[in-house]
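Visitor: Okay, so here is model32.txt, and as you'll see once you scroll down, it has compact mmCIF, C-alpha atoms.
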# COMPACT_ATOMS: atom_id res chain seq x y z
CA MET C 38 -33.95 12.16 17.55
CA PRO C 39 -31.67 9.20 18.33
CA THR C 40 -28.17 10.09 19.49
CA VAL C 41 -25.00 8.08 19.01
CA ARG C 42 -21.70 8.64 20.77
CA LEU C 43 -18.43 7.85 19.01
CA LYS C 44 -15.49 7.32 21.32
CA THR C 45 -12.37 7.99 19.24
CA THR C 46 -8.66 8.03 19.99
CA MET C 47 -8.84 11.81 19.60
CA GLY C 48 -11.89 12.33 21.79
CA PRO C 49 -15.67 11.78 21.82
CA ILE C 50 -18.14 12.90 19.17
CA THR C 51 -21.91 12.97 19.76
CA LEU C 52 -24.20 12.66 16.76
CA GLU C 53 -27.85 13.60 16.68
CA LEU C 54 -29.60 11.62 13.95
CA ASP C 55 -32.52 13.03 12.02
CA HIS C 56 -34.94 10.12 11.86
CA GLU C 57 -37.68 12.35 10.46
CA HIS C 58 -35.80 13.46 7.34
CA ALA C 59 -33.73 10.31 6.66
CA PRO C 60 -35.56 7.37 8.26
CA ARG C 61 -34.01 4.52 6.29
CA THR C 62 -30.52 6.01 6.46
CA VAL C 63 -30.76 6.48 10.21
CA GLU C 64 -32.11 2.94 10.69
CA ASN C 65 -29.28 1.56 8.56
CA PHE C 66 -26.67 3.51 10.55
CA LEU C 67 -28.14 2.40 13.86
CA SER C 68 -28.11 -1.23 12.80
CA TYR C 69 -24.36 -0.97 12.16
CA VAL C 70 -23.94 0.71 15.55
CA ARG C 71 -25.91 -2.05 17.29
CA SER C 72 -24.00 -4.84 15.58
CA GLY C 73 -20.72 -3.29 16.70
CA HIS C 74 -19.58 -2.78 13.13
CA TYR C 75 -18.16 0.68 13.81
CA ASN C 76 -16.14 -0.49 16.82
CA ASN C 77 -12.46 -0.47 16.01
CA THR C 78 -12.79 1.23 12.63
CA LEU C 79 -10.74 4.12 11.36
CA PHE C 80 -11.33 7.59 10.09
CA HIS C 81 -9.40 6.41 7.03
CA ARG C 82 -9.86 9.33 4.68
CA VAL C 83 -9.31 12.84 6.01
CA ILE C 84 -9.21 15.96 3.87
CA ASN C 85 -8.88 19.23 5.71
CA GLY C 86 -11.38 21.81 4.51
CA PHE C 87 -13.63 19.10 3.10
CA MET C 88 -14.60 16.13 5.28
CA ILE C 89 -13.46 13.25 7.50
CA GLN C 90 -14.63 9.79 6.45
CA GLY C 91 -14.78 6.54 8.36
CA GLY C 92 -16.63 3.44 9.40
CA GLY C 93 -15.26 1.07 6.79
CA PHE C 94 -11.74 -0.05 7.66
CA GLU C 95 -10.10 -1.64 10.65
CA PRO C 96 -6.64 -0.61 11.81
CA GLY C 97 -4.16 -1.74 9.19
CA MET C 98 -6.61 -0.59 6.49
CA ARG C 99 -8.42 -3.91 6.47
CA GLN C 100 -11.83 -3.44 4.96
CA LYS C 101 -14.78 -4.72 7.00
CA PRO C 102 -17.63 -6.55 5.29
CA THR C 103 -20.90 -4.63 5.13
CA GLY C 104 -24.58 -5.29 4.56
CA LYS C 105 -26.78 -4.39 1.63
CA SER C 106 -26.63 -0.93 0.10
CA ILE C 107 -29.42 1.50 0.83
CA GLN C 108 -31.64 3.83 -1.15
CA ASN C 109 -30.27 7.39 -1.29
CA GLU C 110 -32.50 9.69 0.77
CA ALA C 111 -30.75 12.95 -0.20
CA GLY C 112 -33.29 15.51 -1.33
CA ASN C 113 -34.70 15.47 2.16
CA GLY C 114 -33.91 19.15 2.63
CA LEU C 115 -30.86 18.51 4.82
CA LYS C 116 -27.71 20.16 3.46
CA ASN C 117 -24.06 19.04 3.61
CA ASN C 118 -23.16 21.87 5.96
CA LYS C 119 -20.31 21.99 8.41
CA TYR C 120 -20.52 19.30 11.10
CA THR C 121 -23.35 17.37 9.46
CA ILE C 122 -22.95 13.64 8.93
CA ALA C 123 -23.71 12.02 5.58
CA MET C 124 -23.38 8.60 3.97
CA ALA C 125 -20.39 7.90 1.78
CA ARG C 126 -20.97 6.01 -1.45
CA THR C 127 -19.47 5.21 -4.85
CA SER C 128 -20.62 6.88 -8.06
CA ASP C 129 -23.79 4.79 -7.89
CA PRO C 130 -26.24 7.00 -5.95
CA HIS C 131 -27.68 3.98 -4.08
CA SER C 132 -24.43 2.31 -3.08
CA ALA C 133 -24.06 3.53 0.50
CA THR C 134 -23.57 0.80 3.08
CA ALA C 135 -21.66 1.58 6.28
CA GLN C 136 -19.11 4.32 5.56
CA PHE C 137 -20.05 7.86 6.54
CA PHE C 138 -18.39 11.25 6.58
CA ILE C 139 -18.60 14.38 8.67
CA ASN C 140 -18.47 17.60 6.66
CA VAL C 141 -15.92 20.13 7.92
CA ALA C 142 -17.14 22.87 5.60
CA ASP C 143 -20.39 23.82 3.88
CA ASN C 144 -20.04 21.43 0.95
CA ASP C 145 -22.83 22.67 -1.32
CA PHE C 146 -21.62 20.63 -4.26
CA LEU C 147 -22.53 17.45 -2.36
CA ASN C 148 -26.18 18.41 -2.08
CA PHE C 149 -29.04 16.79 -3.95
CA THR C 150 -30.22 18.67 -7.03
CA ALA C 151 -31.94 16.02 -9.16
CA ARG C 152 -32.79 12.33 -9.09
CA ASP C 153 -30.10 11.18 -11.47
CA ALA C 154 -26.65 9.66 -11.13
CA GLN C 155 -24.74 12.95 -11.43
CA ASN C 156 -26.93 15.06 -9.17
CA TRP C 157 -28.41 12.83 -6.50
CA GLY C 158 -25.85 14.05 -3.97
CA TYR C 159 -24.96 12.62 -0.58
CA CYS C 160 -27.59 11.94 2.04
CA VAL C 161 -27.23 13.97 5.22
CA PHE C 162 -28.81 12.17 8.17
CA GLY C 163 -27.66 14.03 11.27
CA ARG C 164 -25.19 16.43 12.82
CA VAL C 165 -22.51 16.70 15.46
CA THR C 166 -23.97 18.13 18.67
CA ALA C 167 -20.91 17.68 20.88
CA GLY C 168 -17.26 17.18 20.02
CA THR C 169 -16.88 19.60 17.10
CA GLU C 170 -13.45 20.37 18.54
CA VAL C 171 -12.58 16.68 18.15
CA VAL C 172 -13.72 16.78 14.52
CA ASP C 173 -11.47 19.83 14.07
CA LYS C 174 -8.52 17.93 15.55
CA ILE C 175 -9.11 14.95 13.27
CA LYS C 176 -9.40 17.03 10.12
CA GLY C 177 -5.94 18.47 10.74
CA VAL C 178 -3.93 15.24 11.04
CA ALA C 179 -1.05 14.55 8.67
CA THR C 180 -2.05 12.16 5.90
CA MET C 181 -0.31 9.87 3.45
CA ARG C 182 -0.96 7.72 0.45
CA TYR C 183 -1.40 4.04 1.24
CA GLY C 184 -1.42 2.09 -2.03
CA MET C 185 -4.63 3.09 -3.77
CA HIS C 186 -5.93 5.04 -0.79
CA GLN C 187 -5.21 8.75 -0.65
CA ASP C 188 -5.44 10.98 2.42
CA VAL C 189 -4.96 8.22 4.99
CA PRO C 190 -4.02 9.58 8.43
CA ASP C 191 -0.50 8.47 9.09
CA GLN C 192 -1.24 8.10 12.79
CA GLU C 193 -4.37 5.98 12.93
CA VAL C 194 -7.52 7.73 14.17
CA VAL C 195 -9.63 4.93 15.60
CA ILE C 196 -13.33 4.89 16.45
CA GLU C 197 -12.99 2.70 19.51
CA THR C 198 -16.71 2.35 20.11
CA ALA C 199 -19.96 3.66 18.71
CA GLU C 200 -22.90 3.47 21.09
CA ILE C 201 -26.51 4.51 21.06
CA GLU C 202 -27.00 7.08 23.79
CA SER C 203 -30.67 7.60 23.35
CA ASP C 204 -33.27 6.14 21.06
CA MET Q 182 4.66 -14.10 5.68
CA SER Q 183 5.08 -11.20 8.04
CA VAL Q 184 2.53 -9.27 6.02
CA SER Q 185 -1.19 -9.80 6.18
CA VAL Q 186 -1.95 -8.59 2.67
CA ALA Q 187 0.12 -8.69 -0.51
CA LEU Q 188 -1.50 -7.66 -3.76
CA ALA Q 189 -1.55 -10.16 -6.60
CA SER Q 190 -2.44 -7.42 -9.04
CA VAL Q 191 -2.02 -3.68 -8.92
CA GLU Q 192 -3.21 -0.70 -10.91
CA LEU Q 193 -0.39 1.69 -11.82
CA ARG Q 194 -0.86 5.10 -13.37
CA ASP Q 195 2.65 6.55 -13.47
CA PRO Q 196 5.07 3.94 -12.11
CA THR Q 197 8.81 4.02 -11.53
CA PHE Q 198 10.38 0.59 -11.03
CA ILE Q 199 13.56 -0.01 -9.03
CA SER Q 200 15.08 -3.03 -7.32
CA ASP Q 201 18.25 -4.38 -5.70
CA LEU Q 202 19.44 -1.21 -4.00
CA HIS Q 203 20.79 -3.40 -1.18
CA LEU Q 204 20.89 -0.36 1.07
CA ALA Q 205 23.00 -0.76 4.20
CA ARG Q 206 25.21 1.53 6.25
CA ASN Q 207 28.15 3.33 4.71
CA GLN Q 208 26.64 3.88 1.29
CA PRO Q 209 26.14 7.62 1.32
CA ARG Q 210 26.12 8.15 -2.45
CA THR Q 211 23.69 5.32 -3.19
CA LEU Q 212 21.40 6.50 -0.43
CA GLN Q 213 21.67 10.07 -1.66
CA ARG Q 214 20.70 9.04 -5.19
CA PHE Q 215 17.70 7.18 -3.82
CA MET Q 216 16.59 10.25 -1.88
CA GLN Q 217 17.03 12.33 -5.00
CA LEU Q 218 14.81 9.96 -6.98
CA ALA Q 219 12.16 10.13 -4.27
CA GLU Q 220 12.27 13.93 -4.35
CA GLU Q 221 11.84 13.91 -8.13
CA LEU Q 222 8.94 11.49 -7.97
CA ALA Q 223 6.98 13.07 -5.12
CA PRO Q 224 5.24 15.85 -7.09
CA ARG Q 225 4.19 13.41 -9.81
CA ARG Q 226 2.09 11.51 -7.24
CA GLY Q 227 2.59 8.31 -9.18
CA GLU Q 228 3.88 5.02 -7.84
CA LEU Q 229 7.35 3.94 -6.75
CA VAL Q 230 7.45 0.17 -7.25
CA ILE Q 231 10.34 -1.60 -5.53
CA LEU Q 232 10.82 -5.13 -6.83
CA GLY Q 233 12.84 -6.54 -3.95
CA ASP Q 234 16.14 -6.18 -2.11
CA LEU Q 235 15.64 -2.55 -1.19
CA PHE Q 236 17.70 -3.43 1.86
CA GLU Q 237 20.90 -5.46 2.09
CA TYR Q 238 19.32 -7.26 5.01
CA TRP Q 239 16.27 -6.98 7.23
CA ALA Q 240 16.18 -8.88 10.46
CA GLY Q 241 12.64 -7.80 11.35
CA ASP Q 242 10.59 -4.61 11.54
CA GLU Q 243 12.61 -3.38 14.53
CA GLU Q 244 15.09 -2.32 11.83
CA ALA Q 245 12.68 0.49 10.98
CA ALA Q 246 13.44 2.24 14.27
CA GLN Q 247 17.10 2.97 13.66
CA GLY Q 248 19.92 3.29 11.18
CA ILE Q 249 19.33 2.71 7.50
CA GLY Q 250 15.85 1.31 8.13
CA ALA Q 251 14.75 4.55 9.74
CA VAL Q 252 16.33 6.73 7.06
CA VAL Q 253 14.83 4.81 4.14
CA GLY Q 254 11.53 4.49 5.99
CA GLY Q 255 11.50 8.26 6.35
CA VAL Q 256 12.10 8.73 2.62
CA LEU Q 257 9.23 6.40 1.74
CA ARG Q 258 6.99 8.03 4.26
CA SER Q 259 7.66 11.47 2.85
CA LEU Q 260 6.72 10.07 -0.57
CA THR Q 261 3.39 8.77 0.67
CA ARG Q 262 2.83 11.98 2.59
CA ALA Q 263 3.21 13.82 -0.70
CA GLY Q 264 0.53 11.67 -2.30
CA ALA Q 265 2.70 9.20 -4.19
CA ALA Q 266 2.17 5.46 -3.66
CA VAL Q 267 4.90 3.09 -2.59
CA TYR Q 268 4.63 -0.59 -3.50
CA VAL Q 269 7.17 -3.06 -2.19
CA MET Q 270 7.87 -6.64 -3.18
CA HIS Q 271 10.01 -8.81 -0.95
CA GLY Q 272 13.44 -9.74 -2.24
CA ASN Q 273 15.63 -12.55 -1.04
CA ARG Q 274 17.47 -10.21 1.35
CA ASP Q 275 14.53 -8.31 2.80
CA VAL Q 276 12.05 -11.17 2.88
CA LEU Q 277 11.18 -10.24 6.47
CA LEU Q 278 9.79 -6.77 5.73
CA GLY Q 279 6.49 -6.81 7.59
CA ASP Q 280 3.28 -4.96 8.36
CA GLY Q 281 5.05 -2.70 10.85
CA PHE Q 282 7.27 -1.36 8.09
CA GLY Q 283 4.32 -1.08 5.72
CA ARG Q 284 2.11 0.81 8.10
CA GLY Q 285 4.90 3.10 9.22
CA THR Q 286 5.79 4.16 5.69
CA GLY Q 287 2.52 3.78 3.81
CA ALA Q 288 4.13 1.10 1.65
CA VAL Q 289 1.79 -1.59 0.35
CA PHE Q 290 3.18 -5.05 -0.33
CA LEU Q 291 2.98 -6.81 -3.68
CA ALA Q 292 2.85 -10.58 -4.03
CA ASP Q 293 5.51 -12.25 -6.17
CA PRO Q 294 4.59 -12.39 -8.99
CA CYS Q 295 2.21 -9.49 -9.27
CA ARG Q 296 0.24 -8.61 -12.34
CA THR Q 297 -0.23 -5.14 -13.76
CA ILE Q 298 -0.95 -3.35 -17.02
CA LEU Q 299 1.64 -1.01 -18.50
CA ALA Q 300 0.89 0.97 -21.66
CA GLY Q 301 -2.06 -1.30 -22.26
CA GLU Q 302 -0.11 -4.53 -22.02
CA ALA Q 303 -0.43 -7.07 -19.21
CA THR Q 304 2.90 -7.38 -17.43
CA LEU Q 305 4.18 -9.65 -14.68
CA LEU Q 306 6.29 -8.12 -11.92
CA SER Q 307 8.63 -10.29 -9.90
CA HIS Q 308 11.79 -10.07 -7.84
CA GLY Q 309 13.21 -12.82 -10.02
CA ASP Q 310 14.83 -15.21 -7.56
CA ALA Q 311 12.03 -17.72 -8.00
CA TYR Q 312 13.21 -18.40 -11.55
CA CYS Q 313 16.80 -19.37 -10.75
CA THR Q 314 15.59 -22.95 -10.72
CA LEU Q 315 18.94 -24.55 -11.51
CA ASP Q 316 20.25 -23.26 -8.20
CA THR Q 317 18.50 -25.99 -6.24
CA ALA Q 318 20.31 -25.16 -2.99
CA TYR Q 319 19.03 -21.60 -3.23
CA GLN Q 320 15.48 -22.73 -4.01
CA ALA Q 321 15.46 -24.95 -0.91
CA TYR Q 322 16.66 -22.00 1.15
CA ARG Q 323 14.05 -19.75 -0.47
CA ARG Q 324 11.21 -22.11 0.38
CA ARG Q 325 12.38 -22.20 3.97
CA VAL Q 326 12.71 -18.45 4.55
CA ARG Q 327 9.37 -17.76 2.90
CA SER Q 328 7.49 -20.26 5.04
CA PRO Q 329 5.27 -18.52 7.63
CA LEU Q 330 6.26 -21.05 10.28
CA TRP Q 331 9.97 -20.48 9.77
CA GLN Q 332 9.43 -16.74 9.85
CA ARG Q 333 7.41 -16.91 13.05
CA VAL Q 334 10.12 -18.95 14.74
CA PHE Q 335 12.90 -16.74 13.42
CA LEU Q 336 11.18 -13.50 14.45
CA SER Q 337 10.67 -14.81 17.98
CA ALA Q 338 14.43 -14.75 18.54
CA PRO Q 339 15.95 -11.55 19.98
CA LEU Q 340 17.00 -8.99 17.37
CA ALA Q 341 20.70 -9.40 18.14
CA ILE Q 342 20.53 -13.13 17.52
CA ARG Q 343 18.60 -12.64 14.28
CA ARG Q 344 21.19 -10.17 13.05
CA ALA Q 345 24.01 -12.57 13.88
CA LEU Q 346 22.25 -15.40 12.04
CA ILE Q 347 21.67 -13.20 9.02
CA GLY Q 348 25.30 -12.15 9.09
CA GLU Q 349 26.29 -15.80 8.87
CA LEU Q 350 23.83 -16.49 6.08
CA ARG Q 351 25.24 -13.62 4.06
CA HIS Q 352 28.74 -14.89 4.61
CA PHE Q 353 27.82 -18.32 3.26
CA SER Q 354 25.93 -16.73 0.39
CA GLU Q 355 28.90 -14.61 -0.69
CA ALA Q 356 31.27 -17.56 -0.33
CA GLY Q 357 28.91 -19.76 -2.33
CA LYS Q 358 28.72 -17.27 -5.18
CA LYS Q 359 32.43 -17.62 -5.82
CA THR Q 360 32.05 -21.30 -6.61
CA LYS Q 361 28.65 -21.44 -8.29
CA ALA Q 362 28.67 -21.53 -12.05
CA ALA Q 363 27.40 -18.32 -13.61
CA GLN Q 364 24.53 -19.97 -15.45
CA ILE Q 365 22.85 -21.49 -12.44
CA MET Q 366 22.80 -18.07 -10.81
CA ASP Q 367 20.79 -16.60 -13.64
CA VAL Q 368 17.10 -17.22 -14.27
CA THR Q 369 16.35 -20.34 -16.32
CA PRO Q 370 14.48 -19.59 -19.54
CA GLU Q 371 12.06 -22.49 -18.98
CA ALA Q 372 11.01 -21.13 -15.60
CA ILE Q 373 10.35 -17.70 -17.10
CA GLN Q 374 8.38 -19.22 -19.97
CA GLN Q 375 6.28 -21.24 -17.57
CA ALA Q 376 5.53 -18.18 -15.45
CA LEU Q 377 4.46 -16.15 -18.47
CA ARG Q 378 2.41 -19.01 -19.89
CA TYR Q 379 0.66 -19.59 -16.58
CA ALA Q 380 -0.17 -15.90 -16.21
CA GLY Q 381 -1.20 -15.53 -19.85
CA VAL Q 382 1.15 -12.58 -20.17
CA HIS Q 383 3.99 -11.75 -22.54
CA ARG Q 384 6.09 -9.31 -20.58
CA MET Q 385 7.92 -9.51 -17.29
CA ILE Q 386 9.92 -7.04 -15.25
CA HIS Q 387 12.23 -8.40 -12.56
CA GLY Q 388 15.47 -7.80 -10.70
CA HIS Q 389 17.65 -10.01 -8.52
CA THR Q 390 20.23 -11.20 -11.07
CA HIS Q 391 21.98 -7.83 -11.29
CA ARG Q 392 22.25 -8.41 -15.05
CA PRO Q 393 20.19 -5.56 -16.48
CA ASP Q 394 18.99 -6.13 -20.01
CA ARG Q 395 15.95 -6.43 -22.22
CA HIS Q 396 15.56 -10.03 -23.37
CA ARG Q 397 13.31 -10.85 -26.32
CA PHE Q 398 12.14 -14.41 -26.92
CA THR Q 399 9.00 -16.35 -27.76
CA VAL Q 400 6.46 -18.17 -25.65
CA ASP Q 401 4.36 -20.66 -27.64
CA GLY Q 402 5.20 -18.84 -30.84
CA GLN Q 403 4.30 -15.39 -29.52
CA ALA Q 404 6.78 -12.60 -28.97
CA ALA Q 405 7.60 -12.02 -25.32
CA GLU Q 406 10.13 -10.03 -23.38
CA ARG Q 407 11.59 -9.60 -19.95
CA TRP Q 408 13.21 -6.48 -18.61
CA VAL Q 409 15.81 -6.93 -15.89
CA LEU Q 410 16.36 -3.96 -13.61
CA PRO Q 411 19.85 -2.76 -12.70
CA ASP Q 412 21.14 -3.12 -9.17
CA TRP Q 413 22.48 0.02 -7.50
CA ASP Q 414 25.90 0.87 -6.17
CA LEU Q 415 27.20 4.41 -6.38
CA ASP Q 416 29.78 4.04 -3.63
CA GLY Q 417 31.93 1.23 -5.02
CA GLU Q 418 34.25 1.06 -7.98
CA ARG Q 419 31.74 -0.01 -10.60
CA LYS Q 420 29.05 2.67 -10.31
CA ARG Q 421 25.63 1.54 -11.44
CA GLY Q 422 21.94 2.05 -10.88
CA GLY Q 423 18.78 3.09 -12.66
CA TYR Q 424 15.04 2.85 -12.91
CA LEU Q 425 12.36 1.86 -15.40
CA GLN Q 426 9.41 4.01 -16.36
CA VAL Q 427 6.65 4.06 -18.95
CA LYS Q 428 6.89 6.84 -21.52
CA GLY Q 429 3.83 6.80 -23.76
CA SER Q 430 3.61 3.27 -25.09
CA GLU Q 431 7.23 2.34 -24.37
CA LEU Q 432 9.13 1.13 -21.35
CA THR Q 433 12.40 2.99 -20.87
CA VAL Q 434 15.29 2.46 -18.49
CA THR Q 435 17.25 5.42 -17.18
CA ASN Q 436 20.74 4.51 -16.00
CA PHE Q 437 23.03 6.58 -13.87
CA GLY Q 438 26.49 6.06 -12.48
Would you write out, as structure tokens, the structure that this file holds?
Guide:
Amino acid sequence: MPTVRLKTTMGPITLELDHEHAPRTVENFLSYVRSGHYNNTLFHRVINGFMIQGGGFEPGMRQKPTGKSIQNEAGNGLKNNKYTIAMARTSDPHSATAQFFINVADNDFLNFTARDAQNWGYCVFGRVTAGTEVVDKIKGVATMRYGMHQDVPDQEVVIETAEIESD
Amino acid sequence: MSVSVALASVELRDPTFISDLHLARNQPRTLQRFMQLAEELAPRRGELVILGDLFEYWAGDEEAAQGIGAVVGGVLRSLTRAGAAVYVMHGNRDVLLGDGFGRGTGAVFLADPCRTILAGEATLLSHGDAYCTLDTAYQAYRRRVRSPLWQRVFLSAPLAIRRALIGELRHFSEAGKKTKAAQIMDVTPEAIQQALRYAGVHRMIHGHTHRPDRHRFTVDGQAAERWVLPDWDLDGERKRGGYLQVKGSELTVTNFG
């Protein structure tokens, strides 16, 4: 089980990635970690009681370019429970690229139920093994609307670095 | 410009348009009315669109830390905290509003002009000063203060110096207005037509001239119109102010004062 450590402005978060149940998703995530993509990105969308989302925007809400989208591996048995990490995507089930979110509740409605656009769900590929208190701090920050973006932390929460701790 | 991103087009769901508040110190009633509007708009979670000259002057984003800049910044921030969007276009007075102000308030900048769709019809949004083309002295000044190089040089001066320079500029501007003929201070119809033709649009909303009205005309044989927003002053003798919204398929202006 590879582990990745996020060093954020509100503390460190350690992620254990489930390569067995979400191999392509984990590989995709690790490639963004290795390329340094996640360094200096924000948790740009934070909704208390739901999830904290990041990995896509630099400070100033400048979107970072990403690679190709990946096949959705939800339906792997992993559930969107509290402190799991899953890939963010648009309404297209196979549109995930770099953005991810950490669930701060058991979000059953995000789980896979069928292989179609409405029900494919969001692919869970790991969980937080250290730093849940940091996740809890982040979920509680005050948020604002920023143009089209809702729920943007008004004090930026930055992922300073993301590093592979163990392969 | 002092901003890294300004939108050339924007999606608006429930907009309220204002411009030319020219907020400065010692305008308690105007400021109060602005705060009241913000309070009314917050629960709607729509968009407050400010088409320029929110501030009487802006010497740089340090203005956001104190005085009227801090108060207005706080109002905008409470709007975005409530889930409403704030979009700001630069005017001729607050051309130096920058990323610091934007990030501190959640305001997103609009380019001038900016395109949107209101009640199904493509509409151009502008501050309006770009179309006063007969005022050649003003247009030369406008080109200068909007040039990134000029702005970089200007913003490198200490705040006190910038404020003094702006004070002088305003003095000349007010003195100049007394002698300039009324017609060169208004937008020129040809410039408006050209802007609409170029954008392929038949409706414009702008401010700047402080001559609120709804003007109907034609562009290449097709009906077109431009809405001019009222400027605000609820502290002086001639009380005025208002905002424009979309009600169903119509644009409506609400005036107060």
Visitor: Near chain Q, which residues of chain C fall within 10 Å when you count only C-alpha atoms, and what do they look like as a PyMOL selection string?
Guide: chain C and resi 96-99+179-193
Visitor: Counting all atoms listed in the file, which residues sit no farther than 12 Å from the position (14.6, -18.6, 12.2) in the file's frame? I'd like them as a ChimeraX atom specification.
Guide: /Q:240-241,277,322,325-340,342-347,350
Visitor: Could you give me, as a ChimeraX atom specification, the residues within 12 Å of region 293-302 of chain Q, counting all atoms listed in the file and dropping anything in the same chain fewer than 4 positions from it?
Guide: /Q:187-198,230-233,268-273,276,306-312,327,373,376-377,379-388,405-406,425-433
Visitor: Kindly provide, as JSON, the centre and edge lengths (Å, one decimal) of an axis-aligned box around all atoms of region 210-226 of chain Q given in the file, with 5 Å on each side.
Guide:
{"center_x": 14.1, "center_y": 10.6, "center_z": -5.1, "size_x": 34.0, "size_y": 20.5, "size_z": 19.4}
Visitor: Under the rule that all atoms listed in the file are counted, which of Q:Thr435, Q:Gln374, Q:Ser354, Q:Asn207 is the nearest residue to Ala404 (chain Q)?
Guide: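 Residue with the minimum atom-to-atom distance to Ala404 (chain Q): Q:Gln374.
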Visitor: For CA of Thr211 (chain Q) and CA of Lys420 (chain Q), quote the distance in Å rounded to one decimal.
Guide: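 For CA of Thr211 (chain Q) relative to CA of Lys420 (chain Q), the distance reads 9.3 Å.
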Visitor: Hey, what's within 12 Å of region 144-154 of chain C if we count all atoms listed in the file and toss same-chain stuff fewer than 6 positions away? As a ChimeraX atom specification, please?
Guide: /C:86-88,108-132,138,160-161
Visitor: Would you mind reading off the distance between CA of Glu349 (chain Q) and CA of Phe282 (chain Q), one decimal, in Å?
Guide: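 Answer for the CA of Glu349 (chain Q) to CA of Phe282 (chain Q) separation: 23.9 Å.
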Visitor: Kindly give the distance, in Å, that separates CA of Phe137 (chain C) and CA of Phe66 (chain C), rounded to a single decimal.
Guide: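 According to the coordinates, CA of Phe137 (chain C) and CA of Phe66 (chain C) are separated by 8.9 Å.
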Visitor: Set the distance at 8 Å and use only C-alpha atoms: which residues neighbour Ile175 (chain C) once local chain neighbours fewer than 2 positions away are removed? I'd like the list as a ChimeraX atom specification.
Guide: /C:47,83,89,171-173,177-178,194
Visitor: Around the point (-21.8, 0.1, 17.4) in the file's coordinates, collect all residues with an atom within 9 Å, using all atoms listed in the file, and return them as number ranges by chain.
Guide: C: 41, 43, 67-76, 198-201
Visitor: Identify which of the residues C:Gly93, C:Gly163, C:Gly158, C:Gly104 lies closest to Asn65 (chain C), counting all atoms listed in the file when measuring atom-to-atom distances.
Guide: C:Gly104
Visitor: Excluding Leu235 (chain Q) and residues on its chain fewer than 5 positions from it, collect all residues at most 7 Å away from it, counting only C-alpha atoms, and give them as a list of chain:residue names.
Guide: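 Neighbouring residues, sequence-local ones excluded: Q:Ser200, Q:Asp201, Q:Leu202, Q:His203, Q:Leu204.
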Visitor: Between Q:His396, Q:His389, Q:Arg274, Q:Arg419, which residue has the minimum interatomic distance to Phe236 (chain Q), considering only C-alpha atoms?
Guide: Q:Arg274
Visitor: Which is closest to Pro393 (chain Q) among Q:Ile199, Q:Val253, Q:Ala219, Q:Leu212, if we use only C-alpha atoms?
Guide: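 Of Q:Ile199, Q:Val253, Q:Ala219, Q:Leu212, the one nearest Pro393 (chain Q) is Q:Ile199, counting only C-alpha atoms.
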